[in-house]
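Undergrad: Dropping in entry_7.cif, which is mmCIF, C-alpha atoms:
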```cif
data_upload
#
loop_
_atom_site.label_atom_id
_atom_site.label_comp_id
_atom_site.auth_asym_id
_atom_site.auth_seq_id
_atom_site.Cartn_x
_atom_site.Cartn_y
_atom_site.Cartn_z
CA MET A 1 -75.96 -102.84 9.99
CA ARG A 2 -73.39 -105.65 9.91
CA ASP A 3 -72.32 -107.00 13.30
CA VAL A 4 -68.66 -106.27 14.11
CA ASN A 5 -68.09 -110.00 14.50
CA ASP A 6 -69.62 -110.78 11.11
CA ARG A 7 -66.95 -109.28 8.90
CA PRO A 8 -65.36 -111.28 6.06
CA GLN A 9 -61.98 -112.98 6.29
CA THR A 10 -61.43 -112.54 2.56
CA PHE A 11 -63.02 -110.86 -0.43
CA THR A 12 -62.27 -109.85 -4.01
CA CYS A 13 -62.42 -106.34 -5.47
CA HIS A 14 -61.29 -105.48 -8.98
CA ASN A 15 -60.87 -101.78 -8.31
CA GLY A 16 -60.10 -99.79 -11.45
CA GLU A 17 -58.49 -101.01 -14.64
CA ARG A 18 -55.52 -103.35 -14.98
CA ALA A 19 -52.17 -101.55 -15.06
CA GLU A 20 -49.62 -101.93 -17.82
CA LEU A 21 -47.10 -104.49 -16.56
CA PRO A 22 -43.39 -104.51 -17.45
CA PHE A 23 -43.71 -107.64 -19.61
CA SER A 24 -46.18 -109.08 -22.09
CA SER A 25 -48.91 -111.59 -21.25
CA ALA A 26 -46.99 -114.18 -23.26
CA GLU A 27 -43.94 -113.64 -21.04
CA TYR A 28 -45.89 -114.18 -17.81
CA GLU A 29 -47.59 -117.23 -19.30
CA ARG A 30 -44.16 -118.62 -20.26
CA ARG A 31 -42.97 -118.17 -16.69
CA MET A 32 -46.08 -119.82 -15.23
CA ALA A 33 -45.68 -122.73 -17.64
CA GLY A 34 -42.15 -123.19 -16.31
CA LEU A 35 -43.39 -123.20 -12.72
CA ARG A 36 -46.07 -125.73 -13.57
CA ALA A 37 -43.43 -127.91 -15.17
CA ILE A 38 -41.59 -127.86 -11.82
CA MET A 39 -44.85 -128.81 -10.11
CA ALA A 40 -45.46 -131.69 -12.51
CA GLU A 41 -41.94 -133.05 -12.13
CA ALA A 42 -42.24 -133.01 -8.33
CA GLU A 43 -45.84 -134.30 -8.45
CA LEU A 44 -47.17 -131.28 -6.56
CA ASP A 45 -50.81 -130.25 -6.44
CA ALA A 46 -50.03 -126.55 -5.90
CA VAL A 47 -47.29 -124.09 -5.01
CA LEU A 48 -47.41 -121.28 -2.46
CA LEU A 49 -44.99 -118.46 -3.31
CA THR A 50 -44.21 -116.04 -0.49
CA SER A 51 -41.04 -114.14 -1.49
CA MET A 52 -41.02 -110.72 -3.11
CA HIS A 53 -38.81 -111.89 -5.96
CA ASN A 54 -40.81 -114.94 -7.00
CA ILE A 55 -44.21 -113.27 -6.66
CA CYS A 56 -42.88 -110.39 -8.76
CA TYR A 57 -41.30 -112.73 -11.31
CA TYR A 58 -44.40 -114.86 -11.84
CA THR A 59 -47.18 -112.26 -11.50
CA GLY A 60 -45.68 -108.79 -12.07
CA PHE A 61 -46.72 -107.63 -8.59
CA LEU A 62 -43.97 -106.41 -6.25
CA TYR A 63 -45.29 -106.17 -2.72
CA CYS A 64 -44.36 -103.88 0.16
CA SER A 65 -44.58 -106.06 3.26
CA PHE A 66 -44.56 -103.72 6.28
CA GLY A 67 -44.83 -106.84 8.42
CA ARG A 68 -47.80 -108.37 6.60
CA ALA A 69 -47.90 -111.68 4.76
CA PHE A 70 -48.21 -111.92 0.98
CA GLY A 71 -48.54 -114.97 -1.21
CA CYS A 72 -49.38 -116.41 -4.58
CA VAL A 73 -51.09 -119.78 -4.90
CA VAL A 74 -50.45 -121.56 -8.20
CA THR A 75 -52.34 -124.67 -9.24
CA ALA A 76 -52.45 -126.52 -12.55
CA ASP A 77 -55.00 -124.09 -13.97
CA ARG A 78 -55.07 -121.00 -11.76
CA ALA A 79 -52.80 -118.45 -10.09
CA THR A 80 -53.96 -116.07 -7.37
CA THR A 81 -52.11 -113.44 -5.38
CA VAL A 82 -53.11 -113.18 -1.70
CA THR A 83 -52.74 -109.65 -0.37
CA PRO A 84 -53.82 -107.58 2.68
CA ASN A 85 -56.73 -105.17 2.60
CA ILE A 86 -54.42 -102.26 3.39
CA ASP A 87 -53.15 -102.45 -0.21
CA ALA A 88 -56.72 -102.37 -1.59
CA GLY A 89 -57.01 -102.91 -5.36
CA GLN A 90 -53.39 -102.17 -6.32
CA PRO A 91 -52.20 -105.81 -6.13
CA TRP A 92 -54.99 -106.92 -8.49
CA ARG A 93 -54.21 -104.10 -10.91
CA ARG A 94 -50.58 -105.16 -11.03
CA SER A 95 -50.99 -108.95 -10.96
CA HIS A 96 -51.11 -110.96 -14.17
CA CYS A 97 -53.51 -113.35 -12.44
CA ASP A 98 -56.40 -113.43 -10.00
CA ASN A 99 -56.29 -111.77 -6.58
CA VAL A 100 -57.85 -112.42 -3.16
CA ILE A 101 -57.76 -109.80 -0.40
CA TYR A 102 -57.60 -110.84 3.26
CA THR A 103 -58.70 -108.60 6.11
CA ASP A 104 -57.09 -108.04 9.49
CA TRP A 105 -60.27 -108.30 11.56
CA ALA A 106 -58.80 -111.50 13.03
CA ARG A 107 -55.39 -113.12 13.12
CA GLY A 108 -54.81 -115.91 10.67
CA ASN A 109 -56.88 -114.48 7.83
CA PHE A 110 -53.92 -114.78 5.43
CA TRP A 111 -53.80 -118.51 6.08
CA ALA A 112 -57.58 -118.72 5.78
CA ALA A 113 -57.25 -117.22 2.31
CA VAL A 114 -54.50 -119.68 1.37
CA ALA A 115 -56.55 -122.57 2.75
CA GLY A 116 -59.49 -121.52 0.58
CA LEU A 117 -57.28 -121.64 -2.50
CA THR A 118 -55.69 -125.01 -1.66
CA ARG A 119 -58.67 -127.20 -0.77
CA GLY A 120 -57.85 -130.79 -1.62
CA VAL A 121 -54.14 -130.07 -1.97
CA LYS A 122 -52.01 -132.78 -0.34
CA ARG A 123 -48.58 -132.04 -1.84
CA LEU A 124 -47.64 -128.36 -1.65
CA GLY A 125 -44.53 -126.64 -2.96
CA VAL A 126 -43.06 -123.81 -0.87
CA GLU A 127 -39.96 -121.62 -0.87
CA GLY A 128 -37.77 -123.25 1.74
CA ASP A 129 -35.37 -120.32 1.81
CA HIS A 130 -38.17 -117.86 2.61
CA LEU A 131 -40.75 -119.69 4.72
CA THR A 132 -39.95 -118.93 8.36
CA LEU A 133 -40.43 -121.41 11.20
CA ALA A 134 -43.41 -119.40 12.43
CA ALA A 135 -44.99 -119.32 8.97
CA SER A 136 -44.36 -123.02 8.50
CA ASP A 137 -46.13 -123.79 11.79
CA ALA A 138 -49.07 -121.58 10.80
CA LEU A 139 -49.25 -123.25 7.38
CA LEU A 140 -49.38 -126.76 8.83
CA ALA A 141 -52.05 -125.70 11.33
CA ALA A 142 -54.25 -124.08 8.68
CA LEU A 143 -53.84 -126.38 5.68
CA ASP A 144 -54.65 -130.08 5.36
CA VAL A 145 -51.47 -131.04 3.49
CA ASP A 146 -49.42 -134.20 3.75
CA THR A 147 -46.19 -133.05 2.12
CA LEU A 148 -44.24 -129.79 1.79
CA ALA A 149 -41.61 -129.69 -0.96
CA ASP A 150 -38.99 -126.96 -1.44
CA ILE A 151 -39.29 -125.55 -4.97
CA ALA A 152 -36.95 -122.58 -4.40
CA PRO A 153 -33.83 -124.13 -6.03
CA ALA A 154 -35.75 -125.24 -9.12
CA ALA A 155 -37.49 -121.86 -9.43
CA MET A 156 -34.15 -120.09 -9.13
CA ALA A 157 -32.66 -122.27 -11.85
CA ARG A 158 -35.52 -121.28 -14.15
CA ARG A 159 -34.80 -117.58 -13.51
CA LEU A 160 -31.10 -117.83 -14.40
CA VAL A 161 -31.63 -117.66 -18.18
CA LYS A 162 -33.36 -114.44 -19.17
CA SER A 163 -35.92 -113.95 -21.92
CA ALA A 164 -35.51 -111.38 -24.66
CA GLU A 165 -37.97 -109.11 -22.82
CA GLU A 166 -35.99 -109.35 -19.60
CA ILE A 167 -32.71 -108.61 -21.34
CA ALA A 168 -34.26 -105.55 -22.99
CA LEU A 169 -35.31 -104.23 -19.56
CA ILE A 170 -31.90 -104.98 -18.04
CA ARG A 171 -30.22 -103.23 -20.97
CA GLY A 172 -32.40 -100.16 -20.32
CA GLY A 173 -31.45 -100.24 -16.66
CA ALA A 174 -27.74 -100.35 -17.48
CA ARG A 175 -28.17 -97.30 -19.72
CA ILE A 176 -29.91 -95.43 -16.90
CA ALA A 177 -27.20 -96.44 -14.43
CA ASP A 178 -24.69 -94.73 -16.74
CA ILE A 179 -26.84 -91.58 -16.57
CA GLY A 180 -26.76 -91.71 -12.79
CA GLY A 181 -23.01 -92.24 -12.80
CA ALA A 182 -22.45 -89.21 -15.01
CA ALA A 183 -24.59 -87.03 -12.73
CA MET A 184 -22.69 -88.21 -9.66
CA LYS A 185 -19.29 -87.62 -11.23
CA ALA A 186 -20.35 -84.10 -12.26
CA ALA A 187 -21.30 -83.33 -8.63
CA ILE A 188 -17.91 -84.31 -7.15
CA ARG A 189 -15.85 -81.45 -5.73
CA PRO A 190 -14.02 -80.67 -2.49
CA GLY A 191 -16.44 -79.81 0.31
CA THR A 192 -19.43 -81.55 -1.26
CA ARG A 193 -21.02 -84.17 1.00
CA GLU A 194 -21.45 -87.82 0.07
CA ILE A 195 -25.23 -87.45 0.36
CA ASP A 196 -25.25 -84.52 -2.10
CA VAL A 197 -23.46 -86.58 -4.74
CA ALA A 198 -25.75 -89.56 -4.15
CA MET A 199 -28.90 -87.45 -4.48
CA ALA A 200 -27.69 -86.03 -7.79
CA GLY A 201 -27.36 -89.55 -9.17
CA ARG A 202 -30.68 -90.77 -7.78
CA ASP A 203 -32.60 -87.78 -9.15
CA ALA A 204 -31.07 -88.18 -12.61
CA MET A 205 -31.98 -91.87 -12.73
CA GLU A 206 -35.54 -91.38 -11.51
CA PHE A 207 -36.13 -88.75 -14.18
CA ALA A 208 -34.69 -91.14 -16.78
CA ILE A 209 -36.87 -94.06 -15.59
CA ALA A 210 -39.99 -91.87 -15.63
CA GLU A 211 -39.22 -90.87 -19.21
CA ALA A 212 -38.32 -94.31 -20.55
CA TYR A 213 -40.80 -96.41 -18.52
CA PRO A 214 -43.79 -94.16 -17.81
CA ALA A 215 -46.05 -97.07 -16.78
CA SER A 216 -43.64 -98.41 -14.16
CA GLU A 217 -43.85 -97.93 -10.42
CA LEU A 218 -41.19 -95.44 -9.39
CA ARG A 219 -39.60 -96.78 -6.23
CA ASP A 220 -36.42 -98.22 -4.75
CA THR A 221 -33.88 -96.51 -7.06
CA TRP A 222 -30.92 -95.43 -4.97
CA CYS A 223 -27.23 -94.49 -4.97
CA TRP A 224 -24.38 -95.09 -2.61
CA PHE A 225 -21.46 -92.70 -2.78
CA GLN A 226 -18.60 -93.44 -0.42
CA SER A 227 -15.37 -91.58 0.29
CA GLY A 228 -12.16 -92.19 2.21
CA LEU A 229 -12.54 -94.77 4.99
CA ASN A 230 -16.19 -95.29 4.00
CA THR A 231 -15.11 -97.02 0.75
CA ASP A 232 -13.98 -100.16 2.59
CA GLY A 233 -17.35 -101.94 2.40
CA ALA A 234 -19.31 -102.49 -0.79
CA HIS A 235 -22.62 -101.75 0.97
CA ASN A 236 -21.65 -98.97 3.35
CA PRO A 237 -24.40 -96.34 3.63
CA VAL A 238 -24.06 -92.78 2.46
CA THR A 239 -22.93 -90.26 5.09
CA THR A 240 -22.68 -86.49 5.39
CA ARG A 241 -18.87 -86.58 5.18
CA ALA A 242 -17.46 -83.74 3.07
CA LEU A 243 -15.11 -84.75 0.24
CA GLN A 244 -11.45 -83.81 0.54
CA ARG A 245 -8.62 -83.54 -1.95
CA GLY A 246 -6.84 -86.87 -2.29
CA ASP A 247 -9.90 -88.95 -1.36
CA ILE A 248 -10.56 -92.35 -2.85
CA LEU A 249 -14.22 -92.49 -3.94
CA SER A 250 -16.72 -95.24 -4.71
CA LEU A 251 -19.58 -94.38 -7.06
CA ASN A 252 -22.57 -96.76 -6.99
CA ALA A 253 -25.73 -96.19 -9.06
CA PHE A 254 -28.68 -98.59 -8.77
CA PRO A 255 -31.76 -97.96 -10.90
CA MET A 256 -34.74 -100.18 -10.06
CA ILE A 257 -37.30 -100.76 -12.81
CA SER A 258 -40.32 -102.91 -11.93
CA GLY A 259 -38.32 -104.98 -9.46
CA TYR A 260 -35.32 -105.36 -11.79
CA TYR A 261 -32.01 -104.12 -10.39
CA THR A 262 -29.06 -102.93 -12.44
CA ALA A 263 -25.84 -101.38 -11.21
CA LEU A 264 -22.85 -99.25 -12.03
CA GLU A 265 -19.91 -99.15 -9.62
CA ARG A 266 -16.67 -97.25 -10.11
CA THR A 267 -13.54 -96.21 -8.24
CA LEU A 268 -12.56 -92.56 -8.58
CA PHE A 269 -10.06 -90.22 -6.95
CA LEU A 270 -10.50 -86.54 -6.11
CA GLY A 271 -7.14 -85.35 -7.35
CA GLU A 272 -4.21 -87.50 -8.42
CA PRO A 273 -3.80 -90.74 -6.46
CA ASP A 274 -0.49 -91.46 -4.76
CA ALA A 275 1.77 -94.21 -6.10
CA ALA A 276 0.50 -96.95 -3.75
CA SER A 277 -3.12 -96.14 -4.52
CA LEU A 278 -2.45 -96.05 -8.24
CA ARG A 279 -0.79 -99.49 -8.11
CA LEU A 280 -3.77 -101.00 -6.30
CA TRP A 281 -6.29 -99.34 -8.61
CA GLU A 282 -4.48 -100.55 -11.71
CA ALA A 283 -4.26 -104.07 -10.29
CA ASN A 284 -8.01 -104.12 -9.67
CA VAL A 285 -8.64 -102.81 -13.19
CA ALA A 286 -6.43 -105.61 -14.56
CA ALA A 287 -8.51 -108.14 -12.63
CA HIS A 288 -11.68 -106.53 -13.96
CA GLU A 289 -10.48 -106.75 -17.54
CA LEU A 290 -9.35 -110.35 -17.11
CA GLY A 291 -12.75 -111.22 -15.65
CA LEU A 292 -14.56 -109.52 -18.53
CA SER A 293 -12.58 -111.61 -21.02
CA LEU A 294 -13.49 -114.86 -19.23
CA ILE A 295 -17.27 -114.47 -19.33
CA LYS A 296 -18.52 -116.63 -22.20
CA PRO A 297 -20.67 -119.72 -22.79
CA GLY A 298 -19.15 -122.85 -21.26
CA ALA A 299 -17.15 -121.04 -18.59
CA THR A 300 -17.91 -121.98 -15.00
CA CYS A 301 -18.42 -119.54 -12.16
CA SER A 302 -15.73 -121.27 -10.10
CA GLY A 303 -13.34 -121.38 -13.06
CA ILE A 304 -13.63 -117.63 -13.64
CA CYS A 305 -13.07 -117.04 -9.94
CA ALA A 306 -9.94 -119.21 -9.97
CA GLU A 307 -8.39 -117.25 -12.84
CA VAL A 308 -8.98 -113.87 -11.20
CA ASN A 309 -7.72 -115.24 -7.89
CA ARG A 310 -4.53 -116.32 -9.65
CA LEU A 311 -3.95 -112.77 -10.97
CA PHE A 312 -4.37 -111.27 -7.50
CA ALA A 313 -2.18 -113.97 -5.94
CA ASP A 314 0.61 -113.29 -8.45
CA ALA A 315 0.40 -109.59 -7.54
CA GLY A 316 0.51 -110.38 -3.82
CA LEU A 317 -2.96 -108.92 -3.32
CA LEU A 318 -5.28 -111.89 -2.90
CA HIS A 319 -5.56 -111.32 0.85
CA PHE A 320 -7.16 -107.94 0.07
CA ARG A 321 -9.97 -109.49 -2.00
CA SER A 322 -13.32 -108.53 -0.50
CA PHE A 323 -16.00 -110.87 -1.99
CA GLY A 324 -16.90 -112.93 -5.07
CA TYR A 325 -16.40 -111.49 -8.53
CA GLY A 326 -19.96 -111.10 -9.77
CA HIS A 327 -23.55 -112.26 -9.69
CA SER A 328 -26.70 -112.71 -11.73
CA PHE A 329 -29.20 -109.98 -12.60
CA GLY A 330 -32.98 -109.97 -12.84
CA VAL A 331 -35.59 -109.66 -10.09
CA LEU A 332 -33.19 -108.48 -7.42
CA SER A 333 -32.80 -105.73 -4.85
CA HIS A 334 -30.79 -104.79 -1.79
CA TYR A 335 -33.60 -106.21 0.35
CA TYR A 336 -34.96 -109.14 -1.61
CA GLY A 337 -34.00 -111.81 -4.09
CA ARG A 338 -30.76 -113.41 -5.14
CA GLU A 339 -29.98 -116.01 -7.76
CA ALA A 340 -27.35 -117.65 -5.60
CA GLY A 341 -26.60 -120.33 -8.19
CA LEU A 342 -24.99 -117.78 -10.50
CA GLU A 343 -22.36 -116.04 -8.40
CA LEU A 344 -18.72 -115.96 -9.44
CA ARG A 345 -17.33 -117.72 -6.37
CA GLU A 346 -15.13 -120.70 -5.61
CA ASP A 347 -18.04 -122.86 -4.48
CA ILE A 348 -20.37 -122.27 -7.47
CA ASP A 349 -19.83 -124.54 -10.49
CA THR A 350 -22.71 -123.30 -12.66
CA VAL A 351 -21.86 -123.27 -16.37
CA LEU A 352 -22.56 -120.00 -18.18
CA GLU A 353 -24.96 -120.20 -21.11
CA PRO A 354 -26.53 -117.74 -23.55
CA GLY A 355 -29.22 -115.60 -21.96
CA MET A 356 -27.58 -115.39 -18.57
CA VAL A 357 -26.73 -111.89 -17.31
CA VAL A 358 -23.85 -111.45 -14.88
CA SER A 359 -21.65 -108.75 -13.44
CA MET A 360 -17.89 -108.59 -13.25
CA GLU A 361 -16.98 -106.68 -10.09
CA PRO A 362 -13.65 -107.36 -8.40
CA MET A 363 -12.94 -105.46 -5.21
CA LEU A 364 -9.84 -104.98 -3.10
CA TRP A 365 -10.21 -103.75 0.48
CA VAL A 366 -6.99 -102.30 1.90
CA PRO A 367 -7.18 -101.45 5.64
CA GLU A 368 -6.28 -98.11 7.18
CA GLY A 369 -2.59 -97.81 8.02
CA THR A 370 -1.60 -99.62 4.83
CA PRO A 371 -0.31 -97.62 1.83
CA GLY A 372 -3.17 -97.07 -0.61
CA ALA A 373 -5.85 -97.74 2.01
CA GLY A 374 -9.43 -97.86 0.77
CA GLY A 375 -11.84 -99.93 -1.29
CA TYR A 376 -11.26 -100.38 -5.03
CA ARG A 377 -14.19 -101.67 -7.10
CA GLU A 378 -15.30 -101.72 -10.73
CA HIS A 379 -18.59 -103.21 -11.95
CA ASP A 380 -19.91 -103.95 -15.44
CA ILE A 381 -22.95 -105.96 -16.58
CA LEU A 382 -22.58 -108.57 -19.32
CA VAL A 383 -25.16 -110.50 -21.33
CA VAL A 384 -23.87 -113.96 -22.25
CA THR A 385 -24.42 -114.59 -25.97
CA GLU A 386 -23.88 -117.51 -28.34
CA ALA A 387 -20.53 -116.05 -29.39
CA GLY A 388 -19.27 -114.70 -26.07
CA ALA A 389 -20.65 -111.83 -24.01
CA GLU A 390 -21.87 -108.29 -24.58
CA ASN A 391 -20.87 -105.62 -22.07
CA ILE A 392 -23.91 -103.33 -21.67
CA THR A 393 -22.22 -100.89 -19.26
CA GLY A 394 -20.92 -97.78 -20.98
CA PHE A 395 -19.42 -95.68 -18.18
CA PRO A 396 -15.59 -95.66 -18.43
CA TYR A 397 -13.38 -97.11 -15.70
CA GLY A 398 -9.82 -96.74 -14.48
CA PRO A 399 -7.30 -93.99 -13.75
CA GLY A 400 -7.44 -92.61 -17.29
CA ALA A 401 -11.10 -91.74 -16.92
CA ASN A 402 -11.93 -91.28 -13.26
CA VAL A 403 -9.44 -88.95 -11.64
CA VAL A 404 -11.55 -85.88 -10.88
CA ALA A 405 -9.71 -82.58 -10.82
CA ALA A 406 -9.46 -81.20 -7.30
#
```
Output the file's structure as structure tokens, nothing else.
TA:
Amino acid sequence: MRDVNDRPQTFTCHNGERAELPFSSAEYERRMAGLRAIMAEAELDAVLLTSMHNICYYTGFLYCSFGRAFGCVVTADRATTVTPNIDAGQPWRRSHCDNVIYTDWARGNFWAAVAGLTRGVKRLGVEGDHLTLAASDALLAALDVDTLADIAPAAMARRLVKSAEEIALIRGGARIADIGGAAMKAAIRPGTREIDVAMAGRDAMEFAIAEAYPASELRDTWCWFQSGLNTDGAHNPVTTRALQRGDILSLNAFPMISGYYTALERTLFLGEPDAASLRLWEANVAAHELGLSLIKPGATCSGICAEVNRLFADAGLLHFRSFGYGHSFGVLSHYYGREAGLELREDIDTVLEPGMVVSMEPMLWVPEGTPGAGGYREHDILVVTEAGAENITGFPYGPGANVVAA
């Protein structure tokens, strides 16, 4: 019988057969080649990935942390995910690379596993925007490295332009978001609660994902449905508030397919909007349509933002603007990941190019006590092409389509 103090820090176990991943082997190899090019340019011996989005992007495995550490060590000729024993063989099955399991018999076993994979490494790349102070201290104590280099900005830049396989998955997600939107709209009626409408959309999208992507992990798909005062924030949670005639409504459908987020967001009214509300809604729609027309190769994020700002300023509404006008898509969720270099904001000068995927989503937030109070938001997803951009969102927007009979 093994002594309780003689248990392994790490082990490997290829339990079961490999799962079908969302992308081809060639796609994962292309991504790894890009990461190794970053390593070569920075003269790094290895990279330690720790974020959900980069581990998912490079290996296909999307972890569920629950307070435990996860990693992926990439060298010139090998990539290995490092995962806790509580997740057993699932990380290996869903990693397009090797896997090492660490146990929790003693603290520090994660770093022991990383140390075993980085012997001889002196220059290590890390994600500076994800490595905490505590993790950094533990890394330096466990590994014999001379230099840590932040590879997060370069890795993000590589993710900005999507492959054909990624665009196909994003296109499928946009189609499923439209399905969720239709289910939510059909559930709207006086007396129905926000949560009831949101559940209708979530259920419809999960059924659609299961049908279209039967090999995918079904998790993280969600909907927000906000009404009245609750529309003021883009990320306000669903409540049990019952809908009332005259309410402004925000419909938000977010299918998640293998770590890839897509979205549909729409303003609606339950019954005819009053004159002040209609003016604000139409102004936001005009900004949305202007923004859609500006997305094309060669445009800059800041330049698009400036043009939409000018429209709102001319209408006397710029002070009601809530946030930037759009962002990139890909490996992204409400709790991980963000390609911050491709947001339509004043301080981002990235030039759009074919293969990028961005949203257009202007929002006006009008406080209570002001005529037309509420949050007005439209959201479409566009794929930048050689000739311009393709809008892959099909759900209609504006007063002509989204006034629901009360």
Undergrad: As an exercise, work out the distance from CA of Arg345 (chain A) to CA of Leu251 (chain A) in Å and give it to one decimal place.
TA: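 Between CA of Arg345 (chain A) and CA of Leu251 (chain A) the gap works out to 23.5 Å.
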Undergrad: CA of Gly298 (chain A) and CA of Tyr325 (chain A) are how many Å apart?
TA: 17.3 Å
Undergrad: Which residue out of A:Pro237, A:Ala242, A:Asp45, A:Glu206 has the minimum interatomic distance to Glu194 (chain A) when all atoms listed in the file are used?
TA: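 Residue with the minimum atom-to-atom distance to Glu194 (chain A): A:Ala242.
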Undergrad: Go through the shown structure with the PyMOL selection byres ((chain A and resi 260-262) around 6) and write out the matching residues as a list in words.
TA: Gly173, Ala174, Phe254, Pro255, Met256, Ile257, Ser258, Gly259, Ala263, Gly330, Val331, Leu332 and Ser333 of chain A
Undergrad: Using only C-alpha atoms, what does the table of region 191-282 of chain A residues within 12 Å of region 94-118 of chain A look like, with each row giving the shortest atom pair and its distance in Å to one decimal, sorted by chain and ascending number, as a Markdown table?
TA:
```
| residue | atom | partner | partner_atom | distance |
| --- | --- | --- | --- | --- |
| A:Ala215 | CA | A:Arg94 | CA | 10.9 |
| A:Ser216 | CA | A:Arg94 | CA | 10.2 |
| A:Glu217 | CA | A:Arg94 | CA | 9.9 |
| A:Ser258 | CA | A:Arg94 | CA | 10.5 |
```
Undergrad: Hey, which bits of region 30-62 of chain A sit within 10 Å of region 155-159 of chain A, and for each residue what's the closest pair of atoms and how far apart in Å (one decimal), counting all atoms listed in the file, rows by chain and increasing number, as JSON lines?
TA:
```
{"residue": "A:Arg31", "atom": "CA", "partner": "A:Arg158", "partner_atom": "CA", "distance": 8.5}
{"residue": "A:Gly34", "atom": "CA", "partner": "A:Arg158", "partner_atom": "CA", "distance": 7.2}
{"residue": "A:Leu35", "atom": "CA", "partner": "A:Ala155", "partner_atom": "CA", "distance": 6.9}
{"residue": "A:Ile38", "atom": "CA", "partner": "A:Ala155", "partner_atom": "CA", "distance": 7.6}
{"residue": "A:His53", "atom": "CA", "partner": "A:Met156", "partner_atom": "CA", "distance": 10.0}
{"residue": "A:Asn54", "atom": "CA", "partner": "A:Ala155", "partner_atom": "CA", "distance": 8.1}
{"residue": "A:Tyr57", "atom": "CA", "partner": "A:Arg159", "partner_atom": "CA", "distance": 8.4}
```
Undergrad: Using the chain letters and numbers from the file, which residues does the PyMOL selection byres ((chain A and resi 203) around 10) grab, as a VMD selection string?
TA: chain A and resid 180 183 to 184 198 to 202 204 to 209 221 to 223
Undergrad: Specify as an mmCIF file with C-alpha atoms, keeping the file's coordinate frame each residue included when the PyMOL selection byres ((chain A and resi 87) around 12) is applied to this file.
TA:
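Contents of the output file out_17.cif:
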```cif
data_model
loop_
_atom_site.group_PDB
_atom_site.id
_atom_site.type_symbol
_atom_site.label_atom_id
_atom_site.label_comp_id
_atom_site.auth_asym_id
_atom_site.auth_seq_id
_atom_site.Cartn_x
_atom_site.Cartn_y
_atom_site.Cartn_z
ATOM 1 C CA CYS A 13 -62.420 -106.340 -5.470
ATOM 2 C CA ASN A 15 -60.870 -101.780 -8.310
ATOM 3 C CA PHE A 61 -46.720 -107.630 -8.590
ATOM 4 C CA LEU A 62 -43.970 -106.410 -6.250
ATOM 5 C CA TYR A 63 -45.290 -106.170 -2.720
ATOM 6 C CA CYS A 64 -44.360 -103.880 0.160
ATOM 7 C CA SER A 65 -44.580 -106.060 3.260
ATOM 8 C CA PHE A 66 -44.560 -103.720 6.280
ATOM 9 C CA ARG A 68 -47.800 -108.370 6.600
ATOM 10 C CA ALA A 69 -47.900 -111.680 4.760
ATOM 11 C CA PHE A 70 -48.210 -111.920 0.980
ATOM 12 C CA VAL A 82 -53.110 -113.180 -1.700
ATOM 13 C CA THR A 83 -52.740 -109.650 -0.370
ATOM 14 C CA PRO A 84 -53.820 -107.580 2.680
ATOM 15 C CA ASN A 85 -56.730 -105.170 2.600
ATOM 16 C CA ILE A 86 -54.420 -102.260 3.390
ATOM 17 C CA ALA A 88 -56.720 -102.370 -1.590
ATOM 18 C CA GLY A 89 -57.010 -102.910 -5.360
ATOM 19 C CA GLN A 90 -53.390 -102.170 -6.320
ATOM 20 C CA PRO A 91 -52.200 -105.810 -6.130
ATOM 21 C CA TRP A 92 -54.990 -106.920 -8.490
ATOM 22 C CA ARG A 93 -54.210 -104.100 -10.910
ATOM 23 C CA ARG A 94 -50.580 -105.160 -11.030
ATOM 24 C CA ASN A 99 -56.290 -111.770 -6.580
ATOM 25 C CA VAL A 100 -57.850 -112.420 -3.160
ATOM 26 C CA ILE A 101 -57.760 -109.800 -0.400
ATOM 27 C CA TYR A 102 -57.600 -110.840 3.260
ATOM 28 C CA THR A 103 -58.700 -108.600 6.110
ATOM 29 C CA ASP A 104 -57.090 -108.040 9.490
#
```
Undergrad: Hey, what's within 7 Å of Val308 (chain A) if we count all atoms listed in the file and toss same-chain stuff fewer than 2 positions away? As an mmCIF file with C-alpha atoms, keeping the file's coordinate frame, please?
TA:
```
data_model
loop_
_atom_site.group_PDB
_atom_site.id
_atom_site.type_symbol
_atom_site.label_atom_id
_atom_site.label_comp_id
_atom_site.auth_asym_id
_atom_site.auth_seq_id
_atom_site.Cartn_x
_atom_site.Cartn_y
_atom_site.Cartn_z
ATOM 1 C CA ALA A 287 -8.510 -108.140 -12.630
ATOM 2 C CA LEU A 290 -9.350 -110.350 -17.110
ATOM 3 C CA GLY A 291 -12.750 -111.220 -15.650
ATOM 4 C CA ILE A 304 -13.630 -117.630 -13.640
ATOM 5 C CA CYS A 305 -13.070 -117.040 -9.940
ATOM 6 C CA ALA A 306 -9.940 -119.210 -9.970
ATOM 7 C CA ARG A 310 -4.530 -116.320 -9.650
ATOM 8 C CA LEU A 311 -3.950 -112.770 -10.970
ATOM 9 C CA PHE A 312 -4.370 -111.270 -7.500
#
```
Undergrad: Measuring atom to atom with only C-alpha atoms, identify which of A:Thr10, A:Thr240, A:Ser24, A:Thr385 is nearest to Glu166 (chain A).
TA: A:Ser24
Undergrad: Counting all atoms listed in the file, which residue out of A:Gln244, A:Asn402, A:Thr231, A:Ser328 sits closest to Phe269 (chain A)?
TA: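 Smallest separation from Phe269 (chain A) among the options: A:Asn402.
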Undergrad: Check the smallest atom-to-atom distance from each of A:Thr50, A:Ile195, A:Gly374, A:Arg241 to Ala135 (chain A) using all atoms listed in the file, then report the winner.
TA: A:Thr50
Undergrad: Using only C-alpha atoms, pick whichever of A:Ala177, A:Ser250, A:Cys301, A:Ser227 has the shortest atom-to-atom distance to Ile392 (chain A).
TA: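 Answer, going by the shortest atom-to-atom distance: A:Ala177.
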